[in-house]
$ cat protein-v4.txt   # compact mmCIF, C-alpha atoms
# COMPACT_ATOMS: atom_id res chain seq x y z
CA MET A 1 0.00 0.00 0.00
CA ASN A 2 1.27 3.41 -0.94
CA GLY A 3 1.03 6.64 1.02
CA LEU A 4 -2.34 8.36 1.10
CA THR A 5 -2.79 11.88 -0.28
CA GLU A 6 -5.75 14.04 0.65
CA SER A 7 -7.22 16.73 -1.59
CA PRO A 8 -7.72 20.39 -0.64
CA LEU A 9 -10.76 20.66 -2.97
CA ASP A 10 -14.13 21.56 -1.45
CA ALA A 11 -17.09 19.47 -2.65
CA GLY A 12 -19.32 22.55 -2.31
CA LYS A 13 -17.33 24.27 -5.05
CA ALA A 14 -17.48 21.45 -7.58
CA VAL A 15 -18.98 22.42 -10.95
CA TYR A 16 -20.45 18.93 -11.36
CA ASP A 17 -21.71 16.45 -8.79
CA PHE A 18 -23.45 13.22 -9.72
CA THR A 19 -24.10 9.92 -7.96
CA LEU A 20 -23.82 6.91 -10.28
CA PRO A 21 -25.71 3.76 -9.23
CA ALA A 22 -24.03 0.37 -9.61
CA GLY A 23 -24.64 -1.23 -12.99
CA ASP A 24 -24.98 2.09 -14.87
CA PRO A 25 -22.68 3.80 -17.39
CA TRP A 26 -21.41 7.38 -17.30
CA LEU A 27 -19.68 9.30 -20.08
CA HIS A 28 -18.43 12.83 -19.61
CA GLU A 29 -15.87 15.20 -21.11
CA ILE A 30 -13.28 16.54 -18.71
CA ARG A 31 -11.45 19.59 -19.99
CA GLU A 32 -7.74 20.16 -19.60
CA GLY A 33 -7.05 21.49 -16.11
CA GLN A 34 -10.29 20.17 -14.61
CA THR A 35 -10.13 17.64 -11.78
CA LEU A 36 -12.31 14.52 -11.53
CA ARG A 37 -12.94 12.88 -8.15
CA ILE A 38 -14.39 9.38 -7.89
CA LEU A 39 -15.72 8.84 -4.39
CA ASP A 40 -16.42 5.37 -3.03
CA LEU A 41 -19.57 6.20 -1.04
CA GLU A 42 -20.17 2.95 0.80
CA GLY A 43 -16.81 1.21 0.44
CA ASN A 44 -15.19 -1.51 -1.66
CA GLN A 45 -16.85 -0.48 -4.91
CA ALA A 46 -14.96 -0.98 -8.19
CA ALA A 47 -15.29 1.84 -10.75
CA ASP A 48 -14.25 0.46 -14.16
CA THR A 49 -12.92 3.45 -16.06
CA LEU A 50 -11.66 4.25 -19.57
CA PHE A 51 -10.28 7.54 -20.89
CA TYR A 52 -9.96 8.87 -24.43
CA ASN A 53 -8.30 11.89 -26.01
CA ALA A 54 -11.41 14.03 -26.62
CA ARG A 55 -9.97 15.48 -29.85
CA ASP A 56 -9.23 12.03 -31.30
CA PRO A 57 -10.63 9.06 -29.36
CA ALA A 58 -8.48 6.60 -31.34
CA ASP A 59 -5.82 7.81 -28.89
CA ARG A 60 -6.96 6.25 -25.61
CA TYR A 61 -5.91 4.94 -22.22
CA SER A 62 -3.27 2.20 -22.34
CA ALA A 63 -2.82 0.00 -19.30
CA GLN A 64 0.52 -1.43 -20.47
CA ASP A 65 2.00 1.97 -21.34
CA THR A 66 0.85 3.35 -17.98
CA ILE A 67 2.41 0.61 -15.87
CA ARG A 68 5.62 0.46 -17.90
CA GLU A 69 6.18 4.23 -17.85
CA GLN A 70 5.87 4.38 -14.06
CA GLY A 71 7.58 1.00 -13.53
CA SER A 72 4.80 -0.23 -11.24
CA ILE A 73 1.50 -2.05 -11.68
CA TYR A 74 -0.51 -0.14 -9.07
CA LEU A 75 -1.98 3.29 -9.72
CA THR A 76 -1.89 6.00 -7.06
CA THR A 77 -0.97 9.66 -6.51
CA GLY A 78 1.62 10.70 -9.08
CA THR A 79 0.58 8.12 -11.66
CA LYS A 80 0.37 9.50 -15.19
CA LEU A 81 -2.44 7.82 -17.09
CA MET A 82 -0.85 7.25 -20.50
CA SER A 83 -2.46 6.92 -23.91
CA THR A 84 -1.62 4.51 -26.73
CA ARG A 85 0.22 7.36 -28.50
CA GLY A 86 2.26 8.14 -25.42
CA ASN A 87 0.30 11.21 -24.28
CA VAL A 88 -0.44 11.92 -20.62
CA LEU A 89 -4.24 11.94 -20.41
CA LEU A 90 -4.58 12.66 -16.70
CA LYS A 91 -2.44 12.66 -13.59
CA ILE A 92 -3.61 11.25 -10.25
CA THR A 93 -3.35 14.11 -7.75
CA ALA A 94 -4.98 12.70 -4.63
CA ASP A 95 -5.78 9.22 -3.37
CA THR A 96 -7.15 8.20 0.02
CA CYS A 97 -7.44 4.54 -1.01
CA GLY A 98 -3.77 3.92 -1.80
CA GLN A 99 -3.73 1.67 -4.82
CA HIS A 100 -5.85 0.90 -7.84
CA ASP A 101 -5.75 -1.89 -10.40
CA THR A 102 -5.30 -1.82 -14.16
CA LEU A 103 -4.59 -5.49 -14.93
CA GLY A 104 -7.94 -7.06 -14.02
CA GLY A 105 -9.96 -5.56 -16.85
CA ALA A 106 -13.74 -5.33 -16.84
CA CYS A 107 -16.12 -8.13 -16.00
CA ALA A 108 -18.18 -9.47 -18.89
CA CYS A 109 -20.95 -12.04 -19.22
CA GLU A 110 -18.57 -14.09 -21.34
CA SER A 111 -15.60 -14.02 -18.98
CA ASN A 112 -17.91 -14.70 -16.02
CA MET A 113 -18.86 -17.98 -17.74
CA VAL A 114 -15.20 -18.98 -17.80
CA ARG A 115 -14.33 -17.72 -14.34
CA TYR A 116 -17.33 -18.92 -12.33
CA ALA A 117 -19.88 -21.09 -14.16
CA ILE A 118 -21.48 -21.16 -17.58
CA GLU A 119 -24.89 -20.19 -16.12
CA LYS A 120 -23.40 -16.91 -14.84
CA ARG A 121 -23.86 -15.56 -18.37
CA TYR A 122 -27.13 -13.94 -17.38
CA MET A 123 -25.80 -11.70 -14.64
CA HIS A 124 -25.21 -8.01 -15.36
CA ALA A 125 -21.58 -7.12 -16.14
CA CYS A 126 -19.39 -4.10 -16.89
CA ARG A 127 -18.95 -4.85 -20.56
CA ASP A 128 -22.74 -4.72 -21.03
CA VAL A 129 -22.75 -1.43 -19.15
CA PHE A 130 -20.04 -0.01 -21.42
CA MET A 131 -21.82 -1.22 -24.58
CA ARG A 132 -25.11 0.51 -23.70
CA GLY A 133 -23.26 3.63 -22.63
CA ILE A 134 -21.47 4.06 -25.94
CA GLN A 135 -24.57 3.16 -27.95
CA GLN A 136 -26.36 5.98 -26.18
CA TRP A 137 -23.65 8.65 -26.16
CA ARG A 138 -21.07 7.68 -28.77
CA PRO A 139 -22.88 5.64 -31.45
CA ASP A 140 -19.78 5.97 -33.66
CA TRP A 141 -17.89 3.77 -31.19
CA SER A 142 -18.01 -0.01 -30.97
CA LYS A 143 -16.65 -2.88 -28.93
CA ARG A 144 -13.13 -2.27 -30.25
CA ASP A 145 -13.17 1.03 -28.39
CA ILE A 146 -13.84 -0.74 -25.09
CA THR A 147 -10.22 -1.49 -24.31
CA HIS A 148 -8.40 -2.49 -21.13
CA ASN A 149 -9.56 -0.28 -18.28
CA ILE A 150 -8.66 0.98 -14.84
CA ASN A 151 -10.42 -0.51 -11.82
CA PHE A 152 -10.45 2.27 -9.27
CA PHE A 153 -10.65 0.98 -5.68
CA MET A 154 -9.96 -2.62 -6.75
CA ASN A 155 -7.21 -4.74 -5.26
CA VAL A 156 -5.49 -7.21 -7.63
CA PRO A 157 -2.18 -8.20 -6.08
CA VAL A 158 0.53 -9.83 -8.21
CA THR A 159 3.20 -11.97 -6.56
CA PRO A 160 6.89 -12.17 -7.56
CA ASP A 161 6.36 -15.74 -8.84
CA GLY A 162 3.71 -14.54 -11.30
CA GLY A 163 0.47 -15.20 -9.40
CA LEU A 164 -2.50 -12.84 -9.63
CA THR A 165 -5.61 -12.76 -7.45
CA PHE A 166 -8.71 -10.66 -6.89
CA ALA A 167 -8.40 -9.83 -3.22
CA ASP A 168 -10.62 -8.09 -0.70
CA GLY A 169 -10.87 -4.40 -1.39
CA VAL A 170 -8.49 -1.94 0.26
CA SER A 171 -11.05 0.84 -0.09
CA GLY A 172 -13.70 1.94 2.37
CA SER A 173 -16.62 4.26 2.76
CA GLY A 174 -15.64 7.84 1.88
CA ARG A 175 -12.34 7.01 0.17
CA TYR A 176 -11.65 8.77 -3.11
CA VAL A 177 -9.21 9.18 -5.96
CA GLU A 178 -8.70 12.43 -7.82
CA MET A 179 -7.09 13.12 -11.17
CA ARG A 180 -6.36 16.25 -13.18
CA ALA A 181 -6.87 16.20 -16.93
CA GLU A 182 -3.65 17.05 -18.77
CA MET A 183 -5.58 17.38 -22.02
CA ASP A 184 -9.27 17.37 -22.96
CA VAL A 185 -10.44 13.82 -22.27
CA ILE A 186 -13.61 11.75 -22.36
CA ALA A 187 -14.19 9.56 -19.30
CA LEU A 188 -16.30 6.42 -19.56
CA ILE A 189 -17.21 4.61 -16.35
CA SER A 190 -19.09 1.42 -15.60
CA ASN A 191 -19.95 1.30 -11.93
CA CYS A 192 -19.30 -2.41 -11.52
CA PRO A 193 -22.27 -4.75 -10.94
CA GLN A 194 -20.14 -7.88 -10.29
CA LEU A 195 -21.56 -10.21 -7.61
CA ASN A 196 -19.19 -13.16 -8.01
CA ASN A 197 -15.98 -11.90 -6.41
CA PRO A 198 -14.88 -9.57 -3.63
CA CYS A 199 -14.17 -6.59 -5.93
CA ASN A 200 -17.40 -4.98 -4.66
CA ALA A 201 -17.55 -6.87 -1.36
CA TYR A 202 -20.45 -8.79 -3.04
CA ASN A 203 -22.57 -5.67 -2.67
CA PRO A 204 -22.34 -3.18 -5.57
CA THR A 205 -22.99 0.37 -4.38
CA PRO A 206 -23.07 3.89 -5.90
CA VAL A 207 -20.05 6.11 -6.54
CA ARG A 208 -20.13 9.91 -6.48
CA LEU A 209 -18.45 11.80 -9.32
CA LEU A 210 -17.33 15.39 -8.83
CA ILE A 211 -15.56 17.78 -11.20
CA TRP A 212 -13.79 21.05 -10.39
CA ASP A 213 -12.58 23.70 -12.82
CA MET B 1 11.31 -29.60 -26.69
CA ALA B 2 10.82 -32.72 -28.79
CA ALA B 3 11.66 -32.41 -32.47
CA LEU B 4 8.65 -32.55 -34.78
CA ASP B 5 7.91 -35.45 -37.08
CA ARG B 6 8.73 -33.97 -40.52
CA SER B 7 5.48 -35.29 -41.99
CA LEU B 8 3.51 -33.00 -39.66
CA ILE B 9 5.21 -29.81 -40.77
CA ARG B 10 3.11 -27.64 -43.10
CA PHE B 11 5.64 -24.85 -43.58
CA GLU B 12 8.60 -23.14 -41.94
CA GLU B 13 9.83 -19.60 -42.04
CA ILE B 14 12.47 -17.35 -40.52
CA VAL B 15 11.31 -13.92 -39.37
CA PRO B 16 14.29 -11.55 -39.42
CA PRO B 17 14.92 -9.07 -36.57
CA GLY B 18 12.50 -6.15 -36.33
CA SER B 19 10.01 -7.65 -38.79
CA ASN B 20 6.29 -8.36 -39.05
CA TRP B 21 4.54 -11.66 -39.65
CA SER B 22 0.87 -12.59 -39.68
CA HIS B 23 -1.02 -15.74 -40.54
CA VAL B 24 -4.47 -17.21 -39.98
CA LEU B 25 -3.50 -20.19 -37.86
CA LYS B 26 -6.15 -22.81 -38.59
CA ARG B 27 -7.80 -24.90 -35.91
CA GLY B 28 -5.93 -28.20 -35.95
CA THR B 29 -2.54 -26.59 -36.40
CA THR B 30 0.09 -25.33 -34.01
CA LEU B 31 2.63 -22.56 -34.40
CA ARG B 32 6.05 -23.30 -32.95
CA ILE B 33 8.17 -20.20 -32.36
CA THR B 34 11.87 -20.89 -31.78
CA ASP B 35 14.28 -18.35 -30.39
CA THR B 36 17.21 -19.44 -32.54
CA ASP B 37 19.84 -17.03 -31.17
CA GLY B 38 18.62 -16.48 -27.59
CA GLY B 39 17.22 -13.21 -26.23
CA ALA B 40 14.42 -12.88 -28.78
CA ASN B 41 11.30 -10.82 -28.26
CA VAL B 42 8.09 -11.67 -30.09
CA ALA B 43 5.37 -9.08 -29.60
CA ALA B 44 2.05 -10.72 -30.43
CA LEU B 45 -1.67 -10.01 -30.85
CA PHE B 46 -4.43 -12.50 -31.68
CA TYR B 47 -7.86 -12.09 -33.34
CA ASN B 48 -10.70 -14.43 -34.31
CA PHE B 49 -10.29 -14.32 -38.09
CA GLU B 50 -14.03 -14.87 -38.65
CA LEU B 51 -15.00 -11.97 -36.39
CA LEU B 52 -12.12 -9.57 -35.97
CA ALA B 53 -13.97 -7.65 -33.23
CA GLU B 54 -13.20 -10.69 -31.07
CA ARG B 55 -9.59 -10.43 -29.96
CA LEU B 56 -7.01 -11.27 -27.34
CA ASN B 57 -8.01 -10.00 -23.92
CA LEU B 58 -5.05 -10.27 -21.58
CA PRO B 59 -6.91 -9.10 -18.44
CA ASP B 60 -9.44 -11.90 -18.97
CA THR B 61 -6.58 -14.32 -19.70
CA LEU B 62 -4.68 -13.43 -16.54
CA LYS B 63 -7.56 -13.23 -14.10
CA CYS B 64 -9.20 -16.51 -15.11
CA GLN B 65 -5.94 -18.43 -14.66
CA HIS B 66 -4.71 -16.34 -11.69
CA ILE B 67 -1.44 -15.54 -13.45
CA ALA B 68 0.78 -12.59 -14.38
CA ARG B 69 3.00 -14.64 -16.70
CA LEU B 70 2.41 -17.17 -19.48
CA THR B 71 3.80 -20.68 -19.94
CA ALA B 72 2.78 -24.24 -20.88
CA GLY B 73 -0.75 -25.10 -19.80
CA ASN B 74 -2.03 -21.53 -20.16
CA CYS B 75 -4.65 -20.45 -22.66
CA LEU B 76 -4.91 -17.08 -24.39
CA TYR B 77 -8.52 -15.91 -24.22
CA SER B 78 -10.57 -13.62 -26.40
CA ASP B 79 -12.96 -11.07 -24.92
CA MET B 80 -15.79 -13.52 -25.74
CA GLY B 81 -14.74 -16.20 -23.26
CA ARG B 82 -13.16 -18.39 -25.93
CA ILE B 83 -9.63 -19.64 -26.38
CA LEU B 84 -7.69 -18.28 -29.37
CA VAL B 85 -4.54 -20.33 -28.77
CA SER B 86 -3.28 -22.51 -25.95
CA ILE B 87 0.35 -22.95 -24.94
CA THR B 88 0.84 -26.68 -25.26
CA SER B 89 4.60 -26.76 -24.82
CA ASP B 90 7.23 -24.28 -23.65
CA SER B 91 10.95 -24.71 -23.03
CA CYS B 92 11.46 -21.06 -22.09
CA GLY B 93 9.21 -20.95 -19.02
CA TRP B 94 8.06 -17.35 -18.79
CA HIS B 95 6.46 -15.03 -21.34
CA ASP B 96 5.56 -11.44 -20.50
CA PRO B 97 1.97 -10.17 -20.62
CA LEU B 98 2.65 -6.91 -18.76
CA ALA B 99 5.13 -4.53 -20.39
CA GLY B 100 3.45 -3.91 -23.77
CA ALA B 101 4.94 -2.77 -27.05
CA SER B 102 8.10 -0.84 -27.77
CA ASN B 103 7.40 2.44 -29.56
CA GLU B 104 9.35 4.98 -31.58
CA LYS B 105 10.15 7.14 -28.55
CA ILE B 106 11.61 4.22 -26.59
CA VAL B 107 13.72 2.98 -29.50
CA THR B 108 14.92 6.44 -30.53
CA GLU B 109 15.82 7.59 -27.02
CA GLN B 110 17.84 4.46 -26.39
CA TYR B 111 19.36 3.72 -29.78
CA GLY B 112 18.87 6.82 -31.91
CA LEU B 113 16.82 7.34 -35.01
CA LEU B 114 17.86 5.20 -37.97
CA ASN B 115 15.49 5.43 -40.92
CA TYR B 116 15.02 3.22 -43.92
CA GLN B 117 16.75 5.71 -46.23
CA THR B 118 19.92 5.38 -44.19
CA ALA B 119 19.91 1.75 -43.13
CA ARG B 120 17.61 -0.04 -45.59
CA ASN B 121 16.06 -3.07 -43.85
CA ASN B 122 18.28 -2.70 -40.81
CA TRP B 123 16.40 0.48 -39.83
CA HIS B 124 15.15 0.90 -36.27
CA ARG B 125 11.60 -0.35 -36.07
CA ASP B 126 9.33 -0.63 -33.04
CA ALA B 127 6.50 -2.97 -32.08
CA TYR B 128 3.78 -0.29 -31.93
CA ASN B 129 4.35 0.91 -35.49
CA ASN B 130 4.84 -2.63 -36.75
CA PHE B 131 1.47 -3.66 -35.27
CA LEU B 132 -0.20 -0.70 -36.99
CA ARG B 133 1.36 -1.60 -40.36
CA GLU B 134 0.12 -5.17 -40.10
CA LEU B 135 -3.33 -4.30 -38.67
CA GLY B 136 -3.91 -2.05 -41.67
CA LYS B 137 -3.66 -5.04 -44.00
CA TYR B 138 -6.73 -6.59 -42.36
CA GLY B 139 -8.80 -3.42 -42.42
CA MET B 140 -7.94 -2.65 -38.82
CA GLY B 141 -5.92 0.12 -37.18
CA GLU B 142 -5.14 2.05 -34.05
CA ARG B 143 -8.51 1.34 -32.40
CA ASP B 144 -7.78 -2.39 -32.71
CA LEU B 145 -4.60 -2.35 -30.65
CA ALA B 146 -4.86 -4.32 -27.43
CA MET B 147 -2.54 -5.37 -24.64
CA ASN B 148 0.08 -7.62 -26.29
CA VAL B 149 2.17 -10.58 -25.21
CA ASN B 150 5.98 -10.49 -25.37
CA PHE B 151 7.09 -14.06 -25.90
CA PHE B 152 10.53 -15.10 -24.51
CA GLN B 153 10.66 -12.13 -22.14
CA LYS B 154 10.31 -11.99 -18.36
CA VAL B 155 9.09 -9.10 -16.24
CA THR B 156 8.22 -9.81 -12.63
CA VAL B 157 6.43 -7.70 -10.04
CA ASP B 158 8.05 -7.22 -6.64
CA GLU B 159 6.33 -6.96 -3.25
CA GLU B 160 5.75 -3.21 -3.77
CA GLY B 161 4.30 -3.65 -7.24
CA LYS B 162 7.43 -2.53 -9.10
CA LEU B 163 8.31 -4.09 -12.45
CA VAL B 164 11.60 -5.99 -12.65
CA TYR B 165 13.01 -6.79 -16.11
CA HIS B 166 15.06 -10.00 -16.37
CA VAL B 167 17.90 -10.03 -18.88
CA GLY B 168 18.66 -13.37 -20.54
CA ASN B 169 15.34 -15.10 -19.84
CA SER B 170 15.47 -17.07 -23.08
CA ARG B 171 18.39 -19.19 -24.24
CA ALA B 172 19.19 -20.12 -27.84
CA GLY B 173 16.88 -22.91 -28.97
CA ALA B 174 14.03 -22.12 -26.55
CA ALA B 175 10.66 -22.72 -28.17
CA VAL B 176 6.96 -22.30 -27.48
CA ASP B 177 4.02 -24.09 -29.13
CA LEU B 178 0.79 -22.16 -29.70
CA ARG B 179 -2.10 -24.44 -30.67
CA ALA B 180 -4.96 -22.75 -32.53
CA GLU B 181 -8.29 -23.46 -30.84
CA MET B 182 -10.10 -21.22 -33.35
CA ASN B 183 -9.09 -19.93 -36.79
CA THR B 184 -6.88 -17.37 -35.18
CA LEU B 185 -5.23 -14.41 -36.87
CA VAL B 186 -1.77 -14.34 -35.32
CA MET B 187 0.03 -11.02 -35.66
CA LEU B 188 3.58 -10.89 -34.40
CA ASN B 189 6.76 -8.90 -34.77
CA THR B 190 10.37 -9.33 -33.72
CA CYS B 191 10.95 -5.80 -32.47
CA ILE B 192 12.75 -5.27 -29.18
CA HIS B 193 11.04 -5.53 -25.82
CA PRO B 194 10.19 -2.06 -24.43
CA LEU B 195 12.41 -2.66 -21.37
CA ASP B 196 15.31 -4.07 -23.41
CA SER B 197 18.53 -2.84 -21.82
CA ALA B 198 21.01 -4.06 -24.45
CA PRO B 199 23.74 -1.47 -25.13
CA VAL B 200 23.19 -1.66 -28.89
CA TYR B 201 19.97 -2.07 -30.86
CA SER B 202 19.82 -5.82 -31.34
CA PRO B 203 16.45 -7.37 -32.16
CA LYS B 204 16.66 -11.09 -32.83
CA PRO B 205 15.21 -13.40 -35.50
CA VAL B 206 12.85 -16.29 -34.76
CA HIS B 207 12.13 -19.52 -36.60
CA LEU B 208 8.48 -20.41 -37.17
CA THR B 209 7.01 -23.84 -37.84
CA VAL B 210 3.33 -24.39 -38.59
CA TRP B 211 2.48 -28.03 -37.99
CA THR B 212 -0.57 -30.27 -37.92
CA SER B 213 -1.48 -31.09 -34.33
CA PRO B 214 -4.11 -33.36 -32.78
CA PRO B 215 -7.27 -31.80 -31.30
CA PRO B 216 -7.31 -31.37 -27.51
CA GLY B 217 -8.74 -34.53 -25.93
CA SER B 218 -10.47 -34.85 -22.58
CA ASP B 219 -7.08 -35.41 -20.91
CA ASP B 220 -5.49 -32.34 -22.54
CA PHE B 221 -2.97 -30.54 -20.32
CA CYS B 222 -4.26 -27.04 -21.12
CA ARG B 223 -7.89 -28.06 -20.69
CA ASN B 224 -7.16 -29.49 -17.25
CA SER B 225 -4.59 -27.04 -15.92
CA HIS B 226 -7.30 -24.80 -14.39
CA PRO B 227 -11.04 -25.52 -13.91
CA GLU B 228 -11.63 -22.23 -15.75
CA ASN B 229 -9.89 -23.62 -18.83
CA GLY B 230 -12.25 -26.61 -18.83
CA ARG B 231 -15.11 -24.13 -19.26
CA GLY B 232 -13.10 -22.10 -21.79
CA PHE B 233 -12.70 -25.20 -23.97
CA ILE B 234 -16.43 -26.01 -23.70
CA LEU B 235 -17.33 -22.50 -24.86
CA THR B 236 -14.76 -22.65 -27.69
CA GLU B 237 -16.02 -26.03 -28.86
CA ARG B 238 -19.64 -24.80 -28.78
CA TYR B 239 -18.67 -22.02 -31.18
CA PHE B 240 -17.99 -24.66 -33.83
CA LEU B 241 -21.23 -26.61 -33.28

$ encode --input "protein-v4.txt" --output "structure tokens"
Amino acid sequence: MNGLTESPLDAGKAVYDFTLPAGDPWLHEIREGQTLRILDLEGNQAADTLFYNARDPADRYSAQDTIREQGSIYLTTGTKLMSTRGNVLLKITADTCGQHDTLGGACACESNMVRYAIEKRYMHACRDVFMRGIQQWRPDWSKRDITHNINFFMNVPVTPDGGLTFADGVSGSGRYVEMRAEMDVIALISNCPQLNNPCNAYNPTPVRLLIWD
Amino acid sequence: MAALDRSLIRFEEIVPPGSNWSHVLKRGTTLRITDTDGGANVAALFYNFELLAERLNLPDTLKCQHIARLTAGNCLYSDMGRILVSITSDSCGWHDPLAGASNEKIVTEQYGLLNYQTARNNWHRDAYNNFLRELGKYGMGERDLAMNVNFFQKVTVDEEGKLVYHVGNSRAGAAVDLRAEMNTLVMLNTCIHPLDSAPVYSPKPVHLTVWTSPPPGSDDFCRNSHPENGRGFILTERYFL
């Protein structure tokens, strides 16, 4: 666990404040210099998040470029969220959770069948959330634009011998992560509905999204 | 790794350093990649040739097998819960799914810019641009990039989460077998690993063998290495019913 960094920003002065229920999508443009806070209202809630260069969404968040550039797999204060073209999309400026995952990807009906049981196909999943979100707000996008995401508040430890697990969350009620846009970006979030593993403590709950100028 | 019966071999090819290769690896065949000189890097992406929107998903691959490295017994999954290729044999032992593709900035900062005009086919190429060149030939492009595998390379994660690059992971003659479980578009290039620390720019060649392999039976090693893979094979086999 890394050091925790609190934010000086006052929620009362945010220019945008929205509570996103579990299982719903959210798409929003964040302009260069604005700060986005994702607040884990009830604790242990995974927020599956993708970012795109707003001027050219073919340039988008890259998990591998992000972890390689910082030399570490966990995201926290100081992390630069890198794009496929090597641009810095956003920088994490505050984090009261301590570490966030970018290797676990999003849950999907199809991967749930592999991971848990074939009959799990019918449970709601992040990929379905993302698909409906882009159909509604970015009909020019398709599944190929739903690439490998960040899981804010999720704990996916990797061991030196190459093991990887989904562990109990390190987040809690009221924890948050904040990031400043280094260019105009589009944020796409699925507030994770997963019920089969501890990423949401088996109880998906809302997240609060705030933006400051 | 055991030598192949010559009668099984469909074709062989040498991919020179820094080069692209792609092929639709048919179900019922296996691709053997051999690191002839030692120290090779093979950056690779995989797509379902019949439905290119279905492609390698490394997060799904890693989480369903509880791994952050690839070796024999592991399967490479698509985003649709199906297996594109499985690793049926591996004399290297560790292949990297974490560090991604080298790009022009990495190669130029470390080794300088060397263009085609100056160096002909010894110019400095990078995995990112090579993927884009090859993707274009299948009607795909930048939006179709995904997290890639780096075969023959090892990057571990320490207790704090830091990446550790291991020099010399692969010795001359190391080989890996990738068995096609679907008709899988394999796209690979022999550009350097993004964490390559060699003092001079030195991508390596690989030898490829496409050979006819038996279908995975009920006692198949990859099928049985994780309960999740048992379900992955069921879903893959249903696709062909």

$ interface_residues --input "protein-v4.txt" --of "chain B" --to "chain A" --cutoff "6 Å" --atoms "all atoms listed in the file" --output "ChimeraX atom specification"
/B:59,64,66-69,80-81,99-100,143-144,156-158,161-163,228,231-232

$ write_last_selection --input "protein-v4.txt" --atoms "C-alpha atoms" --output "JSON list (two decimals), in the frame of the given file"
[["chain", "number", "residue", "atom", "x", "y", "z"],
["B", 59, "PRO", "CA", -6.91, -9.10, -18.44],
["B", 64, "CYS", "CA", -9.20, -16.51, -15.11],
["B", 66, "HIS", "CA", -4.71, -16.34, -11.69],
["B", 67, "ILE", "CA", -1.44, -15.54, -13.45],
["B", 68, "ALA", "CA", 0.78, -12.59, -14.38],
["B", 69, "ARG", "CA", 3.00, -14.64, -16.70],
["B", 80, "MET", "CA", -15.79, -13.52, -25.74],
["B", 81, "GLY", "CA", -14.74, -16.20, -23.26],
["B", 99, "ALA", "CA", 5.13, -4.53, -20.39],
["B", 100, "GLY", "CA", 3.45, -3.91, -23.77],
["B", 143, "ARG", "CA", -8.51, 1.34, -32.40],
["B", 144, "ASP", "CA", -7.78, -2.39, -32.71],
["B", 156, "THR", "CA", 8.22, -9.81, -12.63],
["B", 157, "VAL", "CA", 6.43, -7.70, -10.04],
["B", 158, "ASP", "CA", 8.05, -7.22, -6.64],
["B", 161, "GLY", "CA", 4.30, -3.65, -7.24],
["B", 162, "LYS", "CA", 7.43, -2.53, -9.10],
["B", 163, "LEU", "CA", 8.31, -4.09, -12.45],
["B", 228, "GLU", "CA", -11.63, -22.23, -15.75],
["B", 231, "ARG", "CA", -15.11, -24.13, -19.26],
["B", 232, "GLY", "CA", -13.10, -22.10, -21.79]]

$ atom_distance --input "protein-v4.txt" --atom1 "atom CA of Asp126 of chain B" --atom2 "atom CA of Ser19 of chain B"
9.1 Å

$ atom_distance --input "protein-v4.txt" --atom1 "atom CA of Pro139 of chain A" --atom2 "atom CA of Ala181 of chain A"
24.1 Å

$ closest_residue --input "protein-v4.txt" --among "B:Asn115, B:Thr61, B:Asn129, B:Ser170" --to "Asp37 of chain B" --atoms "all atoms listed in the file"
B:Ser170

$ atom_distance --input "protein-v4.txt" --atom1 "atom CA of Ser202 of chain B" --atom2 "atom CA of Lys137 of chain B"
26.7 Å

$ closest_residue --input "protein-v4.txt" --among "B:Ala53, B:Leu208, B:Ala119, B:Ala40" --to "Gln153 of chain B" --atoms "all atoms listed in the file"
B:Ala40

$ residues_near_point --input "protein-v4.txt" --point "(17.2, -3.5, -30.6)" --cutoff "10 Å" --atoms "all atoms listed in the file" --output "mmCIF file with C-alpha atoms, in the frame of the given file"
data_model
loop_
_atom_site.group_PDB
_atom_site.id
_atom_site.type_symbol
_atom_site.label_atom_id
_atom_site.label_comp_id
_atom_site.auth_asym_id
_atom_site.auth_seq_id
_atom_site.Cartn_x
_atom_site.Cartn_y
_atom_site.Cartn_z
ATOM 1 C CA PRO B 17 14.920 -9.070 -36.570
ATOM 2 C CA GLY B 18 12.500 -6.150 -36.330
ATOM 3 C CA ALA B 40 14.420 -12.880 -28.780
ATOM 4 C CA ASN B 41 11.300 -10.820 -28.260
ATOM 5 C CA SER B 102 8.100 -0.840 -27.770
ATOM 6 C CA VAL B 107 13.720 2.980 -29.500
ATOM 7 C CA GLN B 110 17.840 4.460 -26.390
ATOM 8 C CA TYR B 111 19.360 3.720 -29.780
ATOM 9 C CA HIS B 124 15.150 0.900 -36.270
ATOM 10 C CA ARG B 125 11.600 -0.350 -36.070
ATOM 11 C CA ASP B 126 9.330 -0.630 -33.040
ATOM 12 C CA THR B 190 10.370 -9.330 -33.720
ATOM 13 C CA CYS B 191 10.950 -5.800 -32.470
ATOM 14 C CA ILE B 192 12.750 -5.270 -29.180
ATOM 15 C CA HIS B 193 11.040 -5.530 -25.820
ATOM 16 C CA PRO B 194 10.190 -2.060 -24.430
ATOM 17 C CA ASP B 196 15.310 -4.070 -23.410
ATOM 18 C CA SER B 197 18.530 -2.840 -21.820
ATOM 19 C CA ALA B 198 21.010 -4.060 -24.450
ATOM 20 C CA PRO B 199 23.740 -1.470 -25.130
ATOM 21 C CA VAL B 200 23.190 -1.660 -28.890
ATOM 22 C CA TYR B 201 19.970 -2.070 -30.860
ATOM 23 C CA SER B 202 19.820 -5.820 -31.340
ATOM 24 C CA PRO B 203 16.450 -7.370 -32.160
ATOM 25 C CA LYS B 204 16.660 -11.090 -32.830
#
